[in-house]
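Below: model11.cif (mmCIF, N, CA and C atoms)
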data_query
#
loop_
_atom_site.group_PDB
_atom_site.id
_atom_site.type_symbol
_atom_site.label_atom_id
_atom_site.label_comp_id
_atom_site.auth_asym_id
_atom_site.auth_seq_id
_atom_site.Cartn_x
_atom_site.Cartn_y
_atom_site.Cartn_z
ATOM 1 N N MET Q 876 132.338 59.513 77.929
ATOM 2 C CA MET Q 876 133.044 58.682 78.887
ATOM 3 C C MET Q 876 132.037 58.161 79.910
ATOM 4 N N THR Q 877 132.105 56.886 80.210
ATOM 5 C CA THR Q 877 131.180 56.300 81.180
ATOM 6 C C THR Q 877 131.611 56.634 82.607
ATOM 7 N N GLN Q 878 130.696 56.460 83.535
ATOM 8 C CA GLN Q 878 131.011 56.685 84.956
ATOM 9 C C GLN Q 878 132.113 55.729 85.404
ATOM 10 N N GLU Q 879 132.084 54.508 84.907
ATOM 11 C CA GLU Q 879 133.116 53.527 85.268
ATOM 12 C C GLU Q 879 134.493 53.995 84.802
ATOM 13 N N GLU Q 880 134.579 54.536 83.595
ATOM 14 C CA GLU Q 880 135.859 55.047 83.082
ATOM 15 C C GLU Q 880 136.340 56.235 83.917
ATOM 16 N N LYS Q 881 135.428 57.127 84.276
ATOM 17 C CA LYS Q 881 135.783 58.278 85.103
ATOM 18 C C LYS Q 881 136.270 57.822 86.483
ATOM 19 N N THR Q 882 135.622 56.813 87.032
ATOM 20 C CA THR Q 882 136.022 56.293 88.338
ATOM 21 C C THR Q 882 137.425 55.682 88.271
ATOM 22 N N LYS Q 883 137.733 54.975 87.188
ATOM 23 C CA LYS Q 883 139.068 54.395 87.022
ATOM 24 C C LYS Q 883 140.128 55.478 86.907
ATOM 25 N N ILE Q 884 139.831 56.536 86.155
ATOM 26 C CA ILE Q 884 140.783 57.644 86.029
ATOM 27 C C ILE Q 884 140.988 58.312 87.381
ATOM 28 N N GLU Q 885 139.905 58.542 88.107
ATOM 29 C CA GLU Q 885 140.016 59.151 89.434
ATOM 30 C C GLU Q 885 140.879 58.290 90.344
ATOM 31 N N SER Q 886 140.699 56.988 90.294
ATOM 32 C CA SER Q 886 141.500 56.070 91.108
ATOM 33 C C SER Q 886 142.984 56.171 90.747
ATOM 34 N N ARG Q 887 143.279 56.259 89.445
ATOM 35 C CA ARG Q 887 144.678 56.402 89.017
ATOM 36 C C ARG Q 887 145.250 57.745 89.469
ATOM 37 N N ILE Q 888 144.421 58.777 89.453
ATOM 38 C CA ILE Q 888 144.871 60.091 89.928
ATOM 39 C C ILE Q 888 145.216 60.020 91.411
ATOM 40 N N VAL Q 889 144.354 59.397 92.191
ATOM 41 C CA VAL Q 889 144.627 59.250 93.625
ATOM 42 C C VAL Q 889 145.934 58.481 93.823
ATOM 43 N N ASP Q 890 146.144 57.436 93.036
ATOM 44 C CA ASP Q 890 147.382 56.660 93.150
ATOM 45 C C ASP Q 890 148.614 57.533 92.902
ATOM 46 N N VAL Q 891 148.573 58.390 91.863
ATOM 47 C CA VAL Q 891 149.745 59.233 91.600
ATOM 48 C C VAL Q 891 149.875 60.345 92.636
ATOM 49 N N LEU Q 892 148.757 60.831 93.167
ATOM 50 C CA LEU Q 892 148.836 61.846 94.214
ATOM 51 C C LEU Q 892 149.470 61.282 95.484
ATOM 52 N N LYS Q 893 149.331 59.988 95.681
ATOM 53 C CA LYS Q 893 149.954 59.343 96.841
ATOM 54 C C LYS Q 893 151.463 59.184 96.673
ATOM 55 N N THR Q 894 152.001 59.626 95.528
ATOM 56 C CA THR Q 894 153.456 59.619 95.335
ATOM 57 C C THR Q 894 154.041 61.016 95.512
ATOM 58 N N VAL Q 895 153.190 61.997 95.838
ATOM 59 C CA VAL Q 895 153.643 63.373 96.056
ATOM 60 C C VAL Q 895 153.792 63.591 97.560
ATOM 61 N N TYR Q 896 154.992 63.984 97.958
ATOM 62 C CA TYR Q 896 155.283 64.176 99.380
ATOM 63 C C TYR Q 896 155.721 65.604 99.653
ATOM 64 N N ASP Q 897 155.216 66.154 100.740
ATOM 65 C CA ASP Q 897 155.738 67.410 101.243
ATOM 66 C C ASP Q 897 157.150 67.093 101.742
ATOM 67 N N PRO Q 898 158.159 67.841 101.315
ATOM 68 C CA PRO Q 898 159.532 67.524 101.715
ATOM 69 C C PRO Q 898 159.772 67.581 103.222
ATOM 70 N N GLU Q 899 158.900 68.263 103.952
ATOM 71 C CA GLU Q 899 159.087 68.397 105.396
ATOM 72 C C GLU Q 899 158.296 67.369 106.199
ATOM 73 N N ILE Q 900 157.385 66.643 105.542
ATOM 74 C CA ILE Q 900 156.510 65.703 106.253
ATOM 75 C C ILE Q 900 156.576 64.357 105.532
ATOM 76 N N PRO Q 901 156.857 63.270 106.239
ATOM 77 C CA PRO Q 901 157.027 61.964 105.578
ATOM 78 C C PRO Q 901 155.716 61.247 105.253
ATOM 79 N N VAL Q 902 154.706 61.994 104.806
ATOM 80 C CA VAL Q 902 153.406 61.427 104.452
ATOM 81 C C VAL Q 902 152.980 62.069 103.136
ATOM 82 N N ASN Q 903 152.351 61.276 102.263
ATOM 83 C CA ASN Q 903 151.925 61.829 100.975
ATOM 84 C C ASN Q 903 150.791 62.847 101.163
ATOM 85 N N ILE Q 904 150.654 63.724 100.171
ATOM 86 C CA ILE Q 904 149.691 64.822 100.305
ATOM 87 C C ILE Q 904 148.240 64.356 100.323
ATOM 88 N N TYR Q 905 147.968 63.207 99.713
ATOM 89 C CA TYR Q 905 146.591 62.706 99.725
ATOM 90 C C TYR Q 905 146.210 62.273 101.145
ATOM 91 N N ASP Q 906 147.082 61.510 101.788
ATOM 92 C CA ASP Q 906 146.795 61.072 103.149
ATOM 93 C C ASP Q 906 146.902 62.201 104.164
ATOM 94 N N LEU Q 907 147.640 63.245 103.810
ATOM 95 C CA LEU Q 907 147.670 64.429 104.674
ATOM 96 C C LEU Q 907 146.334 65.170 104.643
ATOM 97 N N GLY Q 908 145.518 64.886 103.639
ATOM 98 C CA GLY Q 908 144.229 65.560 103.517
ATOM 99 C C GLY Q 908 144.326 66.877 102.765
ATOM 100 N N LEU Q 909 145.383 67.034 101.961
ATOM 101 C CA LEU Q 909 145.571 68.281 101.224
ATOM 102 C C LEU Q 909 144.774 68.330 99.920
ATOM 103 N N ILE Q 910 144.236 67.209 99.491
ATOM 104 C CA ILE Q 910 143.418 67.173 98.283
ATOM 105 C C ILE Q 910 141.952 67.209 98.701
ATOM 106 N N TYR Q 911 141.270 68.270 98.324
ATOM 107 C CA TYR Q 911 139.876 68.445 98.705
ATOM 108 C C TYR Q 911 138.904 67.916 97.655
ATOM 109 N N LYS Q 912 139.325 67.930 96.382
ATOM 110 C CA LYS Q 912 138.385 67.530 95.329
ATOM 111 C C LYS Q 912 139.166 67.008 94.133
ATOM 112 N N VAL Q 913 138.669 65.907 93.556
ATOM 113 C CA VAL Q 913 139.131 65.410 92.262
ATOM 114 C C VAL Q 913 137.875 65.165 91.452
ATOM 115 N N ASP Q 914 137.702 65.932 90.373
ATOM 116 C CA ASP Q 914 136.489 65.838 89.560
ATOM 117 C C ASP Q 914 136.886 65.572 88.113
ATOM 118 N N VAL Q 915 136.574 64.358 87.635
ATOM 119 C CA VAL Q 915 136.883 63.971 86.258
ATOM 120 C C VAL Q 915 135.644 64.236 85.407
ATOM 121 N N LYS Q 916 135.819 65.043 84.368
ATOM 122 C CA LYS Q 916 134.719 65.385 83.461
ATOM 123 C C LYS Q 916 134.612 64.343 82.344
ATOM 124 N N ASP Q 917 133.495 64.360 81.639
ATOM 125 C CA ASP Q 917 133.254 63.396 80.549
ATOM 126 C C ASP Q 917 134.302 63.448 79.447
ATOM 127 N N ASP Q 918 134.929 64.615 79.263
ATOM 128 C CA ASP Q 918 135.919 64.763 78.197
ATOM 129 C C ASP Q 918 137.357 64.518 78.661
ATOM 130 N N GLY Q 919 137.524 64.056 79.896
ATOM 131 C CA GLY Q 919 138.857 63.756 80.419
ATOM 132 C C GLY Q 919 139.535 64.922 81.108
ATOM 133 N N LYS Q 920 138.867 66.062 81.152
ATOM 134 C CA LYS Q 920 139.415 67.191 81.899
ATOM 135 C C LYS Q 920 139.218 66.927 83.388
ATOM 136 N N VAL Q 921 140.180 67.365 84.169
ATOM 137 C CA VAL Q 921 140.152 67.098 85.602
ATOM 138 C C VAL Q 921 140.283 68.407 86.364
ATOM 139 N N ASP Q 922 139.406 68.604 87.337
ATOM 140 C CA ASP Q 922 139.490 69.736 88.252
ATOM 141 C C ASP Q 922 139.889 69.204 89.620
ATOM 142 N N VAL Q 923 140.896 69.829 90.199
ATOM 143 C CA VAL Q 923 141.381 69.419 91.518
ATOM 144 C C VAL Q 923 141.454 70.650 92.404
ATOM 145 N N ASP Q 924 140.951 70.526 93.620
ATOM 146 C CA ASP Q 924 141.137 71.546 94.644
ATOM 147 C C ASP Q 924 142.112 70.972 95.656
ATOM 148 N N MET Q 925 143.142 71.736 95.953
ATOM 149 C CA MET Q 925 144.107 71.295 96.960
ATOM 150 C C MET Q 925 144.482 72.475 97.839
ATOM 151 N N THR Q 926 145.061 72.163 98.964
ATOM 152 C CA THR Q 926 145.504 73.187 99.899
ATOM 153 C C THR Q 926 146.895 72.826 100.383
ATOM 154 N N PHE Q 927 147.396 73.588 101.313
ATOM 155 C CA PHE Q 927 148.677 73.324 101.952
ATOM 156 C C PHE Q 927 148.466 73.309 103.456
ATOM 157 N N THR Q 928 149.421 72.769 104.186
ATOM 158 C CA THR Q 928 149.280 72.727 105.639
ATOM 159 C C THR Q 928 149.295 74.131 106.236
ATOM 160 N N ALA Q 929 149.877 75.081 105.497
ATOM 161 C CA ALA Q 929 149.879 76.480 105.918
ATOM 162 C C ALA Q 929 149.946 77.351 104.656
ATOM 163 N N PRO Q 930 149.285 78.500 104.659
ATOM 164 C CA PRO Q 930 149.309 79.367 103.481
ATOM 165 C C PRO Q 930 150.725 79.772 103.049
ATOM 166 N N SER Q 931 151.643 79.823 103.988
ATOM 167 C CA SER Q 931 153.016 80.225 103.675
ATOM 168 C C SER Q 931 153.945 79.024 103.504
ATOM 169 N N CYS Q 932 153.411 77.890 103.122
ATOM 170 C CA CYS Q 932 154.191 76.663 102.952
ATOM 171 C C CYS Q 932 155.371 76.917 102.012
ATOM 172 N N PRO Q 933 156.600 76.678 102.481
ATOM 173 C CA PRO Q 933 157.764 76.942 101.625
ATOM 174 C C PRO Q 933 157.864 75.991 100.424
ATOM 175 N N ALA Q 934 157.174 74.866 100.473
ATOM 176 C CA ALA Q 934 157.227 73.892 99.385
ATOM 177 C C ALA Q 934 156.044 74.015 98.430
ATOM 178 N N SER Q 935 155.263 75.078 98.551
ATOM 179 C CA SER Q 935 154.024 75.184 97.768
ATOM 180 C C SER Q 935 154.266 75.120 96.261
ATOM 181 N N ASP Q 936 155.259 75.827 95.757
ATOM 182 C CA ASP Q 936 155.521 75.801 94.311
ATOM 183 C C ASP Q 936 155.902 74.401 93.845
ATOM 184 N N PHE Q 937 156.791 73.762 94.590
ATOM 185 C CA PHE Q 937 157.217 72.396 94.257
ATOM 186 C C PHE Q 937 156.025 71.441 94.264
ATOM 187 N N LEU Q 938 155.216 71.498 95.317
ATOM 188 C CA LEU Q 938 154.067 70.595 95.427
ATOM 189 C C LEU Q 938 153.071 70.828 94.304
ATOM 190 N N TYR Q 939 152.781 72.082 94.009
ATOM 191 C CA TYR Q 939 151.837 72.414 92.953
ATOM 192 C C TYR Q 939 152.318 71.866 91.605
ATOM 193 N N GLN Q 940 153.558 72.100 91.267
ATOM 194 C CA GLN Q 940 154.105 71.630 89.994
ATOM 195 C C GLN Q 940 154.098 70.106 89.920
ATOM 196 N N ASP Q 941 154.454 69.445 91.020
ATOM 197 C CA ASP Q 941 154.475 67.980 91.051
ATOM 198 C C ASP Q 941 153.066 67.417 90.857
ATOM 199 N N VAL Q 942 152.085 68.004 91.520
ATOM 200 C CA VAL Q 942 150.696 67.566 91.383
ATOM 201 C C VAL Q 942 150.230 67.725 89.932
ATOM 202 N N CYS Q 943 150.473 68.891 89.352
ATOM 203 C CA CYS Q 943 150.049 69.135 87.962
ATOM 204 C C CYS Q 943 150.687 68.127 87.011
ATOM 205 N N GLN Q 944 151.980 67.939 87.137
ATOM 206 C CA GLN Q 944 152.706 67.022 86.252
ATOM 207 C C GLN Q 944 152.177 65.595 86.383
ATOM 208 N N LYS Q 945 151.977 65.156 87.598
ATOM 209 C CA LYS Q 945 151.551 63.770 87.801
ATOM 210 C C LYS Q 945 150.110 63.544 87.356
ATOM 211 N N ILE Q 946 149.234 64.488 87.587
ATOM 212 C CA ILE Q 946 147.851 64.340 87.120
ATOM 213 C C ILE Q 946 147.819 64.274 85.601
ATOM 214 N N ASN Q 947 148.565 65.152 84.952
ATOM 215 C CA ASN Q 947 148.575 65.180 83.488
ATOM 216 C C ASN Q 947 149.213 63.937 82.875
ATOM 217 N N SER Q 948 149.964 63.179 83.659
ATOM 218 C CA SER Q 948 150.584 61.951 83.154
ATOM 219 C C SER Q 948 149.645 60.745 83.197
ATOM 220 N N VAL Q 949 148.494 60.902 83.837
ATOM 221 C CA VAL Q 949 147.549 59.793 83.994
ATOM 222 C C VAL Q 949 146.832 59.533 82.670
ATOM 223 N N GLU Q 950 146.821 58.270 82.268
ATOM 224 C CA GLU Q 950 146.123 57.877 81.047
ATOM 225 C C GLU Q 950 144.644 58.237 81.155
ATOM 226 N N GLY Q 951 144.123 58.896 80.127
ATOM 227 C CA GLY Q 951 142.724 59.296 80.102
ATOM 228 C C GLY Q 951 142.501 60.748 80.463
ATOM 229 N N VAL Q 952 143.513 61.387 81.087
ATOM 230 C CA VAL Q 952 143.403 62.807 81.433
ATOM 231 C C VAL Q 952 143.798 63.623 80.209
ATOM 232 N N THR Q 953 142.884 64.493 79.755
ATOM 233 C CA THR Q 953 143.173 65.331 78.595
ATOM 234 C C THR Q 953 143.771 66.673 79.007
ATOM 235 N N SER Q 954 143.386 67.166 80.175
ATOM 236 C CA SER Q 954 143.958 68.385 80.741
ATOM 237 C C SER Q 954 143.529 68.468 82.199
ATOM 238 N N SER Q 955 144.204 69.337 82.934
ATOM 239 C CA SER Q 955 143.833 69.480 84.342
ATOM 240 C C SER Q 955 143.887 70.935 84.764
ATOM 241 N N HIS Q 956 143.103 71.225 85.773
ATOM 242 C CA HIS Q 956 143.107 72.541 86.404
ATOM 243 C C HIS Q 956 143.210 72.294 87.904
ATOM 244 N N VAL Q 957 144.347 72.682 88.470
ATOM 245 C CA VAL Q 957 144.573 72.512 89.907
ATOM 246 C C VAL Q 957 144.428 73.877 90.554
ATOM 247 N N GLN Q 958 143.455 73.963 91.441
ATOM 248 C CA GLN Q 958 143.193 75.220 92.129
ATOM 249 C C GLN Q 958 143.644 75.105 93.579
ATOM 250 N N ILE Q 959 144.398 76.099 94.029
ATOM 251 C CA ILE Q 959 144.809 76.161 95.424
ATOM 252 C C ILE Q 959 143.714 76.887 96.194
ATOM 253 N N VAL Q 960 143.217 76.240 97.239
ATOM 254 C CA VAL Q 960 142.153 76.823 98.056
ATOM 255 C C VAL Q 960 142.585 76.828 99.520
ATOM 256 N N TYR Q 961 142.033 77.728 100.261
ATOM 257 C CA TYR Q 961 142.355 77.813 101.688
ATOM 258 C C TYR Q 961 141.099 77.716 102.554
ATOM 259 N N GLU Q 962 139.991 77.372 101.944
ATOM 260 C CA GLU Q 962 138.741 77.145 102.666
ATOM 261 C C GLU Q 962 138.241 75.763 102.312
ATOM 262 N N PRO Q 963 138.009 74.899 103.220
ATOM 263 C CA PRO Q 963 138.258 75.098 104.648
ATOM 264 C C PRO Q 963 139.752 75.075 104.950
ATOM 265 N N VAL Q 964 140.112 75.690 106.036
ATOM 266 C CA VAL Q 964 141.498 75.711 106.474
ATOM 267 C C VAL Q 964 141.898 74.285 106.854
ATOM 268 N N TRP Q 965 143.084 73.870 106.411
ATOM 269 C CA TRP Q 965 143.564 72.526 106.728
ATOM 270 C C TRP Q 965 143.850 72.425 108.226
ATOM 271 N N THR Q 966 143.451 71.273 108.806
ATOM 272 C CA THR Q 966 143.758 70.972 110.204
ATOM 273 C C THR Q 966 144.195 69.515 110.307
ATOM 274 N N TYR Q 967 144.731 69.157 111.451
ATOM 275 C CA TYR Q 967 145.165 67.774 111.678
ATOM 276 C C TYR Q 967 144.006 66.784 111.574
ATOM 277 N N ASP Q 968 142.788 67.252 111.746
ATOM 278 C CA ASP Q 968 141.618 66.378 111.627
ATOM 279 C C ASP Q 968 141.467 65.813 110.216
ATOM 280 N N MET Q 969 142.115 66.420 109.244
ATOM 281 C CA MET Q 969 142.001 65.989 107.848
ATOM 282 C C MET Q 969 142.963 64.858 107.497
ATOM 283 N N LEU Q 970 143.850 64.494 108.421
ATOM 284 C CA LEU Q 970 144.778 63.390 108.189
ATOM 285 C C LEU Q 970 144.017 62.073 108.069
ATOM 286 N N SER Q 971 144.450 61.219 107.151
ATOM 287 C CA SER Q 971 143.875 59.869 107.088
ATOM 288 C C SER Q 971 144.367 59.098 108.307
ATOM 289 N N GLU Q 972 143.725 57.981 108.575
ATOM 290 C CA GLU Q 972 144.152 57.161 109.708
ATOM 291 C C GLU Q 972 145.593 56.685 109.518
ATOM 292 N N GLU Q 973 145.931 56.339 108.273
ATOM 293 C CA GLU Q 973 147.301 55.913 107.966
ATOM 294 C C GLU Q 973 148.309 57.015 108.289
ATOM 295 N N ALA Q 974 147.965 58.245 107.939
ATOM 296 C CA ALA Q 974 148.855 59.379 108.226
ATOM 297 C C ALA Q 974 148.973 59.625 109.722
ATOM 298 N N ARG Q 975 147.866 59.477 110.429
ATOM 299 C CA ARG Q 975 147.906 59.663 111.891
ATOM 300 C C ARG Q 975 148.860 58.673 112.541
ATOM 301 N N VAL Q 976 148.817 57.433 112.086
ATOM 302 C CA VAL Q 976 149.713 56.400 112.629
ATOM 303 C C VAL Q 976 151.158 56.727 112.255
ATOM 304 N N GLU Q 977 151.388 57.067 110.985
ATOM 305 C CA GLU Q 977 152.737 57.383 110.499
ATOM 306 C C GLU Q 977 153.361 58.546 111.281
ATOM 307 N N LEU Q 978 152.542 59.545 111.619
ATOM 308 C CA LEU Q 978 153.040 60.726 112.317
ATOM 309 C C LEU Q 978 152.987 60.597 113.846
ATOM 310 N N GLY Q 979 152.488 59.451 114.327
ATOM 311 C CA GLY Q 979 152.474 59.205 115.765
ATOM 312 C C GLY Q 979 151.324 59.831 116.517
ATOM 313 N N PHE Q 980 150.240 60.160 115.817
ATOM 314 C CA PHE Q 980 149.069 60.735 116.478
ATOM 315 C C PHE Q 980 148.127 59.669 117.018
ATOM 316 N N GLU Q 981 148.329 58.419 116.640
ATOM 317 C CA GLU Q 981 147.450 57.330 117.113
ATOM 318 C C GLU Q 981 148.279 56.235 117.707
#
Once you've parsed the file, please lay out its structure as structure tokens.
Amino acid sequence: MTQEEKTKIESRIVDVLKTVYDPEIPVNIYDLGLIYKVDVKDDGKVDVDMTFTAPSCPASDFLYQDVCQKINSVEGVTSSHVQIVYEPVWTYDMLSEEARVELGFE
């Protein structure tokens, strides 16, 4: 797989991640800064590191399942591994500018 093909797949993954919303926050998880890494391998396997706004997030199971399902639906993805990480700890500084405006921080 070429770098251009991997970049296109990564872009499509980001697009589908922007359709995943925490039920308690009206901003998608990508703009919330909950996705730390998207790594597309030459064989179409994808590694993703994600976190939650809090380790005890009541929507964690729902969000995890939604992320896995949507990543695996992307054309070119052969399989995915989504790892939940808590380092670095998520903070409001990780919000995109769009999310800051949506949530009234700017």
Handout entry: Using all atoms listed in the file: which of Q:Ile884, Q:Ala934, Q:Ile946, Q:Val921 has the shortest distance to Q:Glu899
Key =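 Smallest distance to Q:Glu899 is found for Q:Ala934.
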Exercise for the section: Run the PyMOL selection byres (((chain Q and resi 964 and name CA) around 10) and name CA) on the file and write out the hits as a PyMOL selection string. Expected result: chain Q and resi 909+926-930+960-963+965-966+969
Practice task
Rank Q:Ser971, Q:Thr877, Q:Leu978, Q:Tyr896 by their smallest atom-to-atom distance to Q:Phe937, using only N, CA and C atoms, and report the top residue only.
Solution key: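 Residue with the minimum atom-to-atom distance to Q:Phe937: Q:Tyr896.
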Exercise for the section: Step one, run DSSP on the backbone; step two, keep only residues of chain Q assigned to helix (DSSP H, G or I); then write them as an MDAnalysis selection string. Expected result: chainID Q and resid 878:892 904:907 935:947 967:969 972:977
Practice task
Can you pull out every residue within 8 Å of Q:Glu885, counting all atoms listed in the file, but drop anything in the same chain fewer than 4 positions away, and send it as a list in words?
Solution key: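 Non-adjacent residues within range: Glu879, Glu880, Lys881, Val889, Asp890, Val891, Val913, Asp914 and Val915 of chain Q.
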Handout entry: d(atom C of Q:Asp941, atom C of Q:Leu892) in Å
Key = 8.5 Å
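Picture a line from atom C of Q:Gln944 to atom N of Q:Thr894; it runs 10.9 Å.
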Would you mind completing stretch 932-948 of chain Q so that it carries N, CA, C and O atoms, and writing it out as a PDB file, keeping the file's coordinate frame?
ATOM      1  N   CYS Q 932     153.411  77.890 103.122  1.00  0.00           N
ATOM      2  CA  CYS Q 932     154.191  76.663 102.952  1.00  0.00           C
ATOM      3  C   CYS Q 932     155.371  76.917 102.012  1.00  0.00           C
ATOM      4  O   CYS Q 932     155.173  77.319 100.856  1.00  0.00           O
ATOM      5  N   PRO Q 933     156.600  76.678 102.481  1.00  0.00           N
ATOM      6  CA  PRO Q 933     157.764  76.942 101.625  1.00  0.00           C
ATOM      7  C   PRO Q 933     157.864  75.991 100.424  1.00  0.00           C
ATOM      8  O   PRO Q 933     158.548  76.298  99.456  1.00  0.00           O
ATOM      9  N   ALA Q 934     157.174  74.866 100.473  1.00  0.00           N
ATOM     10  CA  ALA Q 934     157.227  73.892  99.385  1.00  0.00           C
ATOM     11  C   ALA Q 934     156.044  74.015  98.430  1.00  0.00           C
ATOM     12  O   ALA Q 934     155.862  73.164  97.567  1.00  0.00           O
ATOM     13  N   SER Q 935     155.263  75.078  98.551  1.00  0.00           N
ATOM     14  CA  SER Q 935     154.024  75.184  97.768  1.00  0.00           C
ATOM     15  C   SER Q 935     154.266  75.120  96.261  1.00  0.00           C
ATOM     16  O   SER Q 935     153.532  74.428  95.554  1.00  0.00           O
ATOM     17  N   ASP Q 936     155.259  75.827  95.757  1.00  0.00           N
ATOM     18  CA  ASP Q 936     155.521  75.801  94.311  1.00  0.00           C
ATOM     19  C   ASP Q 936     155.902  74.401  93.845  1.00  0.00           C
ATOM     20  O   ASP Q 936     155.411  73.916  92.823  1.00  0.00           O
ATOM     21  N   PHE Q 937     156.791  73.762  94.590  1.00  0.00           N
ATOM     22  CA  PHE Q 937     157.217  72.396  94.257  1.00  0.00           C
ATOM     23  C   PHE Q 937     156.025  71.441  94.264  1.00  0.00           C
ATOM     24  O   PHE Q 937     155.845  70.656  93.332  1.00  0.00           O
ATOM     25  N   LEU Q 938     155.216  71.498  95.317  1.00  0.00           N
ATOM     26  CA  LEU Q 938     154.067  70.595  95.427  1.00  0.00           C
ATOM     27  C   LEU Q 938     153.071  70.828  94.304  1.00  0.00           C
ATOM     28  O   LEU Q 938     152.574  69.877  93.697  1.00  0.00           O
ATOM     29  N   TYR Q 939     152.781  72.082  94.009  1.00  0.00           N
ATOM     30  CA  TYR Q 939     151.837  72.414  92.953  1.00  0.00           C
ATOM     31  C   TYR Q 939     152.318  71.866  91.605  1.00  0.00           C
ATOM     32  O   TYR Q 939     151.559  71.224  90.876  1.00  0.00           O
ATOM     33  N   GLN Q 940     153.558  72.100  91.267  1.00  0.00           N
ATOM     34  CA  GLN Q 940     154.105  71.630  89.994  1.00  0.00           C
ATOM     35  C   GLN Q 940     154.098  70.106  89.920  1.00  0.00           C
ATOM     36  O   GLN Q 940     153.770  69.520  88.882  1.00  0.00           O
ATOM     37  N   ASP Q 941     154.454  69.445  91.020  1.00  0.00           N
ATOM     38  CA  ASP Q 941     154.475  67.980  91.051  1.00  0.00           C
ATOM     39  C   ASP Q 941     153.066  67.417  90.857  1.00  0.00           C
ATOM     40  O   ASP Q 941     152.863  66.467  90.096  1.00  0.00           O
ATOM     41  N   VAL Q 942     152.085  68.004  91.520  1.00  0.00           N
ATOM     42  CA  VAL Q 942     150.696  67.566  91.383  1.00  0.00           C
ATOM     43  C   VAL Q 942     150.230  67.725  89.932  1.00  0.00           C
ATOM     44  O   VAL Q 942     149.664  66.797  89.344  1.00  0.00           O
ATOM     45  N   CYS Q 943     150.473  68.891  89.352  1.00  0.00           N
ATOM     46  CA  CYS Q 943     150.049  69.135  87.962  1.00  0.00           C
ATOM     47  C   CYS Q 943     150.687  68.127  87.011  1.00  0.00           C
ATOM     48  O   CYS Q 943     150.004  67.531  86.167  1.00  0.00           O
ATOM     49  N   GLN Q 944     151.980  67.939  87.137  1.00  0.00           N
ATOM     50  CA  GLN Q 944     152.706  67.022  86.252  1.00  0.00           C
ATOM     51  C   GLN Q 944     152.177  65.595  86.383  1.00  0.00           C
ATOM     52  O   GLN Q 944     151.943  64.914  85.387  1.00  0.00           O
ATOM     53  N   LYS Q 945     151.977  65.156  87.598  1.00  0.00           N
ATOM     54  CA  LYS Q 945     151.551  63.770  87.801  1.00  0.00           C
ATOM     55  C   LYS Q 945     150.110  63.544  87.356  1.00  0.00           C
ATOM     56  O   LYS Q 945     149.801  62.503  86.780  1.00  0.00           O
ATOM     57  N   ILE Q 946     149.234  64.488  87.587  1.00  0.00           N
ATOM     58  CA  ILE Q 946     147.851  64.340  87.120  1.00  0.00           C
ATOM     59  C   ILE Q 946     147.819  64.274  85.601  1.00  0.00           C
ATOM     60  O   ILE Q 946     147.141  63.427  85.013  1.00  0.00           O
ATOM     61  N   ASN Q 947     148.565  65.152  84.952  1.00  0.00           N
ATOM     62  CA  ASN Q 947     148.575  65.180  83.488  1.00  0.00           C
ATOM     63  C   ASN Q 947     149.213  63.937  82.875  1.00  0.00           C
ATOM     64  O   ASN Q 947     148.997  63.661  81.698  1.00  0.00           O
ATOM     65  N   SER Q 948     149.964  63.179  83.659  1.00  0.00           N
ATOM     66  CA  SER Q 948     150.584  61.951  83.154  1.00  0.00           C
ATOM     67  C   SER Q 948     149.645  60.745  83.197  1.00  0.00           C
ATOM     68  O   SER Q 948     149.959  59.695  82.652  1.00  0.00           O
TER      69      SER Q 948
END
